[in-house]
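Peer 1: Just one file: entry.pdb, with PDB, C-alpha atoms.
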ATOM      1  CA  MET A 163      13.950  12.890  -0.256  1.00  0.00           C
ATOM      2  CA  LEU A 164      11.214  13.367   2.342  1.00  0.00           C
ATOM      3  CA  PHE A 165       7.540  13.726   1.534  1.00  0.00           C
ATOM      4  CA  ARG A 166       4.628  15.725   2.827  1.00  0.00           C
ATOM      5  CA  SER A 167       1.924  15.905   0.150  1.00  0.00           C
ATOM      6  CA  HIS A 168      -0.498  13.542  -1.579  1.00  0.00           C
ATOM      7  CA  GLY A 169       0.397  14.799  -5.012  1.00  0.00           C
ATOM      8  CA  GLY A 170      -1.167  12.393  -7.496  1.00  0.00           C
ATOM      9  CA  GLY A 171      -2.385   8.922  -8.334  1.00  0.00           C
ATOM     10  CA  VAL A 172      -3.822   6.799  -5.546  1.00  0.00           C
ATOM     11  CA  ALA A 173      -2.586   9.216  -2.872  1.00  0.00           C
ATOM     12  CA  ALA A 174      -4.549  12.088  -4.401  1.00  0.00           C
ATOM     13  CA  ALA A 175      -7.620   9.877  -4.840  1.00  0.00           C
ATOM     14  CA  ILE A 176      -7.469   8.917  -1.157  1.00  0.00           C
ATOM     15  CA  GLY A 177      -7.207  12.585  -0.239  1.00  0.00           C
ATOM     16  CA  ARG A 178     -10.247  13.413  -2.350  1.00  0.00           C
ATOM     17  CA  ALA A 179     -12.314  10.506  -0.996  1.00  0.00           C
ATOM     18  CA  GLY A 180     -11.359  11.026   2.626  1.00  0.00           C
ATOM     19  CA  GLY A 181     -11.573  14.794   2.614  1.00  0.00           C
ATOM     20  CA  PRO A 182      -9.190  17.467   3.862  1.00  0.00           C
ATOM     21  CA  VAL A 183      -8.703  15.803   7.272  1.00  0.00           C
ATOM     22  CA  ILE A 184      -6.465  13.187   5.636  1.00  0.00           C
ATOM     23  CA  GLN A 185      -4.062  15.798   4.238  1.00  0.00           C
ATOM     24  CA  ALA A 186      -4.146  17.690   7.548  1.00  0.00           C
ATOM     25  CA  GLU A 187      -3.308  14.528   9.514  1.00  0.00           C
ATOM     26  CA  SER A 188      -0.609  13.653   6.980  1.00  0.00           C
ATOM     27  CA  ASP A 189       0.890  17.119   7.408  1.00  0.00           C
ATOM     28  CA  ASP A 190       1.095  16.454  11.166  1.00  0.00           C
ATOM     29  CA  ARG A 191       3.053  13.217  10.535  1.00  0.00           C
ATOM     30  CA  ALA A 192       5.301  14.578   7.770  1.00  0.00           C
ATOM     31  CA  PRO A 193       7.851  14.325   6.524  1.00  0.00           C
ATOM     32  CA  ILE A 194       8.486  10.631   5.855  1.00  0.00           C
ATOM     33  CA  GLY A 195      11.188   9.065   3.737  1.00  0.00           C
ATOM     34  CA  LEU A 196      10.903   6.825   0.712  1.00  0.00           C
ATOM     35  CA  GLY A 197       9.727   3.367   1.751  1.00  0.00           C
ATOM     36  CA  GLU A 198       8.320   4.573   5.075  1.00  0.00           C
ATOM     37  CA  ALA A 199       4.651   4.405   6.090  1.00  0.00           C
ATOM     38  CA  VAL A 200       2.411   6.329   8.494  1.00  0.00           C
ATOM     39  CA  GLU A 201      -1.281   6.196   9.242  1.00  0.00           C
ATOM     40  CA  THR A 202      -4.072   8.718   9.280  1.00  0.00           C
ATOM     41  CA  SER A 203      -7.722   8.257  10.038  1.00  0.00           C
ATOM     42  CA  GLY A 204      -9.956   7.280   7.147  1.00  0.00           C
ATOM     43  CA  GLY A 205     -11.478  10.746   7.138  1.00  0.00           C
ATOM     44  CA  GLU A 206     -14.823  10.521   5.353  1.00  0.00           C
ATOM     45  CA  MET A 207     -14.119   6.972   4.086  1.00  0.00           C
ATOM     46  CA  PRO A 208     -15.619   3.897   5.777  1.00  0.00           C
ATOM     47  CA  CYS A 209     -12.335   2.639   7.254  1.00  0.00           C
ATOM     48  CA  ARG A 210     -10.539   3.108  10.541  1.00  0.00           C
ATOM     49  CA  TRP A 211      -7.139   4.020   9.094  1.00  0.00           C
ATOM     50  CA  VAL A 212      -5.336   4.762   5.875  1.00  0.00           C
ATOM     51  CA  ILE A 213      -1.688   3.762   5.837  1.00  0.00           C
ATOM     52  CA  HIS A 214       0.302   6.010   3.527  1.00  0.00           C
ATOM     53  CA  ALA A 215       3.626   4.838   2.087  1.00  0.00           C
ATOM     54  CA  ALA A 216       6.050   7.050   0.192  1.00  0.00           C
ATOM     55  CA  THR A 217       7.083   5.244  -2.991  1.00  0.00           C
ATOM     56  CA  MET A 218       8.529   7.991  -5.169  1.00  0.00           C
ATOM     57  CA  GLU A 219       9.500  11.597  -5.417  1.00  0.00           C
ATOM     58  CA  LEU A 220       6.701  13.643  -6.974  1.00  0.00           C
ATOM     59  CA  GLY A 221       6.731  12.978 -10.694  1.00  0.00           C
ATOM     60  CA  GLY A 222       9.750  10.731 -10.434  1.00  0.00           C
ATOM     61  CA  PRO A 223      10.390   7.025 -10.833  1.00  0.00           C
ATOM     62  CA  THR A 224      10.438   4.435  -8.079  1.00  0.00           C
ATOM     63  CA  SER A 225      12.440   1.248  -7.624  1.00  0.00           C
ATOM     64  CA  ALA A 226      12.040  -2.359  -6.550  1.00  0.00           C
ATOM     65  CA  ASP A 227      13.805  -1.604  -3.273  1.00  0.00           C
ATOM     66  CA  ILE A 228      11.482   1.296  -2.457  1.00  0.00           C
ATOM     67  CA  ILE A 229       8.366  -0.756  -3.298  1.00  0.00           C
ATOM     68  CA  ARG A 230       9.566  -3.631  -1.073  1.00  0.00           C
ATOM     69  CA  ARG A 231      10.338  -1.241   1.804  1.00  0.00           C
ATOM     70  CA  ALA A 232       6.985   0.534   1.397  1.00  0.00           C
ATOM     71  CA  THR A 233       5.135  -2.805   1.430  1.00  0.00           C
ATOM     72  CA  ASP A 234       7.067  -4.014   4.482  1.00  0.00           C
ATOM     73  CA  SER A 235       6.493  -0.694   6.287  1.00  0.00           C
ATOM     74  CA  THR A 236       2.774  -0.782   5.510  1.00  0.00           C
ATOM     75  CA  LEU A 237       2.391  -4.360   6.761  1.00  0.00           C
ATOM     76  CA  THR A 238       4.365  -3.596   9.921  1.00  0.00           C
ATOM     77  CA  ARG A 239       2.336  -0.463  10.608  1.00  0.00           C
ATOM     78  CA  ALA A 240      -0.923  -2.421  10.143  1.00  0.00           C
ATOM     79  CA  ASP A 241       0.240  -4.935  12.750  1.00  0.00           C
ATOM     80  CA  GLU A 242       1.297  -2.141  15.129  1.00  0.00           C
ATOM     81  CA  LEU A 243      -2.180  -0.622  14.820  1.00  0.00           C
ATOM     82  CA  GLY A 244      -3.835  -3.974  15.544  1.00  0.00           C
ATOM     83  CA  ALA A 245      -5.470  -4.151  12.125  1.00  0.00           C
ATOM     84  CA  THR A 246      -6.930  -7.490  11.090  1.00  0.00           C
ATOM     85  CA  SER A 247      -7.502  -6.566   7.449  1.00  0.00           C
ATOM     86  CA  LEU A 248      -5.577  -4.498   4.942  1.00  0.00           C
ATOM     87  CA  ALA A 249      -5.996  -3.387   1.335  1.00  0.00           C
ATOM     88  CA  LEU A 250      -2.808  -2.820  -0.652  1.00  0.00           C
ATOM     89  CA  VAL A 251      -2.500  -0.991  -3.965  1.00  0.00           C
ATOM     90  CA  ALA A 252      -0.075  -1.510  -6.842  1.00  0.00           C
ATOM     91  CA  PHE A 253       2.725   0.671  -5.470  1.00  0.00           C
ATOM     92  CA  GLY A 254       4.610   2.746  -8.028  1.00  0.00           C
ATOM     93  CA  THR A 255       2.846   1.456 -11.144  1.00  0.00           C
ATOM     94  CA  GLY A 256       1.032   4.624 -12.130  1.00  0.00           C
ATOM     95  CA  VAL A 257       2.967   7.861 -12.189  1.00  0.00           C
ATOM     96  CA  GLY A 258       6.030   5.969 -10.878  1.00  0.00           C
ATOM     97  CA  GLY A 259       6.168   3.954 -14.106  1.00  0.00           C
ATOM     98  CA  PHE A 260       7.114   0.677 -12.433  1.00  0.00           C
ATOM     99  CA  SER A 261       6.205  -2.614 -14.119  1.00  0.00           C
ATOM    100  CA  MET A 262       2.872  -4.014 -12.906  1.00  0.00           C
ATOM    101  CA  GLU A 263       4.173  -7.592 -12.973  1.00  0.00           C
ATOM    102  CA  ASP A 264       7.294  -6.697 -10.997  1.00  0.00           C
ATOM    103  CA  ALA A 265       5.338  -4.677  -8.421  1.00  0.00           C
ATOM    104  CA  ALA A 266       2.868  -7.543  -8.027  1.00  0.00           C
ATOM    105  CA  ARG A 267       5.670 -10.058  -7.488  1.00  0.00           C
ATOM    106  CA  ILE A 268       7.490  -7.827  -4.983  1.00  0.00           C
ATOM    107  CA  GLU A 269       4.335  -7.079  -2.996  1.00  0.00           C
ATOM    108  CA  ALA A 270       3.050 -10.669  -2.994  1.00  0.00           C
ATOM    109  CA  GLU A 271       6.455 -11.957  -1.819  1.00  0.00           C
ATOM    110  CA  ALA A 272       6.578  -9.339   0.951  1.00  0.00           C
ATOM    111  CA  VAL A 273       3.051 -10.233   2.078  1.00  0.00           C
ATOM    112  CA  LYS A 274       3.892 -13.946   2.113  1.00  0.00           C
ATOM    113  CA  ALA A 275       7.031 -13.362   4.194  1.00  0.00           C
ATOM    114  CA  HIS A 276       5.111 -11.112   6.601  1.00  0.00           C
ATOM    115  CA  VAL A 277       2.225 -13.552   7.043  1.00  0.00           C
ATOM    116  CA  ASP A 278       4.614 -16.503   7.414  1.00  0.00           C
ATOM    117  CA  ALA A 279       6.473 -14.573  10.155  1.00  0.00           C
ATOM    118  CA  GLY A 280       3.304 -14.512  12.269  1.00  0.00           C
ATOM    119  CA  SER A 281       1.355 -11.385  11.358  1.00  0.00           C
ATOM    120  CA  ALA A 282      -2.024 -10.916  13.019  1.00  0.00           C
ATOM    121  CA  LEU A 283      -3.511  -9.758   9.710  1.00  0.00           C
ATOM    122  CA  GLN A 284      -6.352 -12.101   8.806  1.00  0.00           C
ATOM    123  CA  ARG A 285      -7.257 -10.685   5.391  1.00  0.00           C
ATOM    124  CA  ILE A 286      -5.135  -8.855   2.831  1.00  0.00           C
ATOM    125  CA  VAL A 287      -6.655  -7.653  -0.420  1.00  0.00           C
ATOM    126  CA  PHE A 288      -4.719  -6.304  -3.376  1.00  0.00           C
ATOM    127  CA  ALA A 289      -7.146  -3.613  -4.538  1.00  0.00           C
ATOM    128  CA  VAL A 290      -5.992  -2.753  -8.033  1.00  0.00           C
ATOM    129  CA  ARG A 291      -7.448  -1.015 -11.049  1.00  0.00           C
ATOM    130  CA  GLY A 292      -8.118  -2.825 -14.322  1.00  0.00           C
ATOM    131  CA  ALA A 293      -8.027  -6.347 -15.672  1.00  0.00           C
ATOM    132  CA  GLU A 294      -4.278  -6.256 -16.449  1.00  0.00           C
ATOM    133  CA  ALA A 295      -3.403  -5.297 -12.883  1.00  0.00           C
ATOM    134  CA  ALA A 296      -5.812  -7.846 -11.419  1.00  0.00           C
ATOM    135  CA  ALA A 297      -4.276 -10.597 -13.549  1.00  0.00           C
ATOM    136  CA  ALA A 298      -0.719  -9.593 -12.568  1.00  0.00           C
ATOM    137  CA  PHE A 299      -1.550  -9.659  -8.868  1.00  0.00           C
ATOM    138  CA  ARG A 300      -3.543 -12.913  -9.094  1.00  0.00           C
ATOM    139  CA  ASP A 301      -0.585 -14.532 -10.881  1.00  0.00           C
ATOM    140  CA  ALA A 302       1.870 -13.195  -8.292  1.00  0.00           C
ATOM    141  CA  VAL A 303      -0.244 -14.399  -5.368  1.00  0.00           C
ATOM    142  CA  SER A 304      -0.644 -17.786  -7.035  1.00  0.00           C
ATOM    143  CA  ALA A 305       3.114 -18.061  -7.651  1.00  0.00           C
ATOM    144  CA  CYS A 306       3.791 -17.441  -3.944  1.00  0.00           C
ATOM    145  CA  GLY A 307       1.579 -20.312  -2.851  1.00  0.00           C
ATOM    146  CA  GLN A 308      -0.750 -19.995   0.132  1.00  0.00           C
ATOM    147  CA  ILE A 309      -0.652 -16.480   1.606  1.00  0.00           C
ATOM    148  CA  GLY A 310      -3.090 -16.594   4.488  1.00  0.00           C
ATOM    149  CA  ARG A 311      -6.309 -15.019   3.249  1.00  0.00           C
ATOM    150  CA  ALA A 312      -4.761 -12.844   0.528  1.00  0.00           C
ATOM    151  CA  SER A 313      -6.803 -12.092  -2.565  1.00  0.00           C
ATOM    152  CA  CYS A 314      -6.963  -9.715  -5.468  1.00  0.00           C
ATOM    153  CA  ARG A 315      -9.926  -7.517  -6.281  1.00  0.00           C
ATOM    154  CA  GLU A 316     -10.182  -5.481  -9.447  1.00  0.00           C
ATOM    155  CA  ARG A 317     -11.500  -1.941  -9.142  1.00  0.00           C
ATOM    156  CA  VAL A 318     -12.831  -0.376 -12.311  1.00  0.00           C
TER
END
Could the structure of this file be written out as structure tokens, please?
Peer 2:
Amino acid sequence: MLFRSHGGGVAAAIGRAGGPVIQAESDDRAPIGLGEAVETSGGEMPCRWVIHAATMELGGPTSADIIRRATDSTLTRADELGATSLALVAFGTGVGGFSMEDAARIEAEAVKAHVDAGSALQRIVFAVRGAEAAAAFRDAVSACGQIGRASCRERV
């Protein structure tokens, strides 16, 4: 399935915060497949880019494979853009219904592998919502050992 729209969850929140330019730029880069990532400007947000990754069909479930591919695609795209910092969300854990602990483990392992392979990213933050999510991502990062300058920040 290929995607065009920021239908819900974090994607919709980014669209609201960044304004209509983000959806318009996304439309220009659509469609993308599950696990793929593309960038837009930050629109009205104070960032240079937003990297969008397709992790599920609208209203449907996601999978470990799709979350790993989306994380890998996002990290690769950040390097291609020359980014030195990146914020990642808990892919697929909202509407997608994926386990927070499993998503955290998958994403932390992908970040570790990417950083260990020589990424230019200097700072990676897991920006997640709520104490449960923050704990899951802190535990996953801790279990992976040293991951460059990766951290977890709870957003309430």
Peer 1: Find the residue from A:Cys209, A:Ala240, A:Ala175, A:Ala215 that sits nearest to Arg191 in chain A; use all atoms listed in the file when measuring.
Peer 2: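 Answer, going by the shortest atom-to-atom distance: A:Ala215.
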Peer 1: Show me the residues around (3.6, -16.6, -9.4) - criterion: an atom at most 12 Å away, all atoms listed in the file counted - as a list of chain:residue names.
Peer 2: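 Those within range, by chain then number, are A:Glu263, A:Asp264, A:Ala266, A:Arg267, A:Ile268, A:Glu269, A:Ala270, A:Glu271, A:Lys274, A:Ala297, A:Ala298, A:Phe299, A:Arg300, A:Asp301, A:Ala302, A:Val303, A:Ser304, A:Ala305, A:Cys306, A:Gly307, A:Gln308, A:Ile309.
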Peer 1: May I ask for the distance between CA of Trp211 in chain A and CA of Ile228 in chain A, given in Å to one decimal place?
Peer 2: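 These atoms are spaced 22.1 Å apart.
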Peer 1: So how many Å separate CA of Ala275 in chain A and CA of Ala295 in chain A, to one decimal?
Peer 2: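 For CA of Ala275 in chain A relative to CA of Ala295 in chain A, the distance reads 21.6 Å.
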Peer 1: For range 270-279 of chain A, I'd like the enclosing box, axis-aligned and padded by 5 Å on every side, reported as JSON with centre and edge lengths in Å to one decimal.
Peer 2:
{"center_x": 4.6, "center_y": -12.9, "center_z": 3.6, "size_x": 14.8, "size_y": 17.2, "size_z": 23.1}
Peer 1: Which of these residues is nearest to Arg239 in chain A, using all atoms listed in the file: A:Ala265, A:Pro182, A:Glu206, A:Ser281?
Peer 2: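 The shortest atom-to-atom distance to Arg239 in chain A comes from A:Ser281.
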Peer 1: What are the closest atom pairs, with distances in Å to one decimal, for all residues of range 218-314 of chain A lying within 7 Å of range 198-201 of chain A? Consider all atoms listed in the file, order rows by chain and residue number, and present the result as a Markdown table.
Peer 2:
| residue | atom | partner | partner_atom | distance |
| --- | --- | --- | --- | --- |
| A:Arg231 | CA | A:Glu198 | CA | 7.0 |
| A:Ala232 | CA | A:Glu198 | CA | 5.6 |
| A:Ser235 | CA | A:Ala199 | CA | 5.4 |
| A:Thr236 | CA | A:Ala199 | CA | 5.5 |
Peer 1: Looking at all atoms listed in the file, which of A:Val257, A:Ala226, A:Leu248, A:Ala272 is the one that sits closest to Ile286 in chain A?
Peer 2: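 Closest to Ile286 in chain A, using all atoms listed in the file: A:Leu248.
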Peer 1: What is the distance, in Å and to one decimal place, between CA of Leu250 in chain A and CA of Val273 in chain A?
Peer 2: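 Result for CA of Leu250 in chain A versus CA of Val273 in chain A: 9.8 Å, one decimal.
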Peer 1: With 10 Å as the threshold, what does the neighbourhood of (-13.1, 9.6, 8.0) contain in terms of residues, counting only C-alpha atoms? Coordinates are those of the file; answer as an NGL selection string.
Peer 2: :A and (179-184 or 202-212)
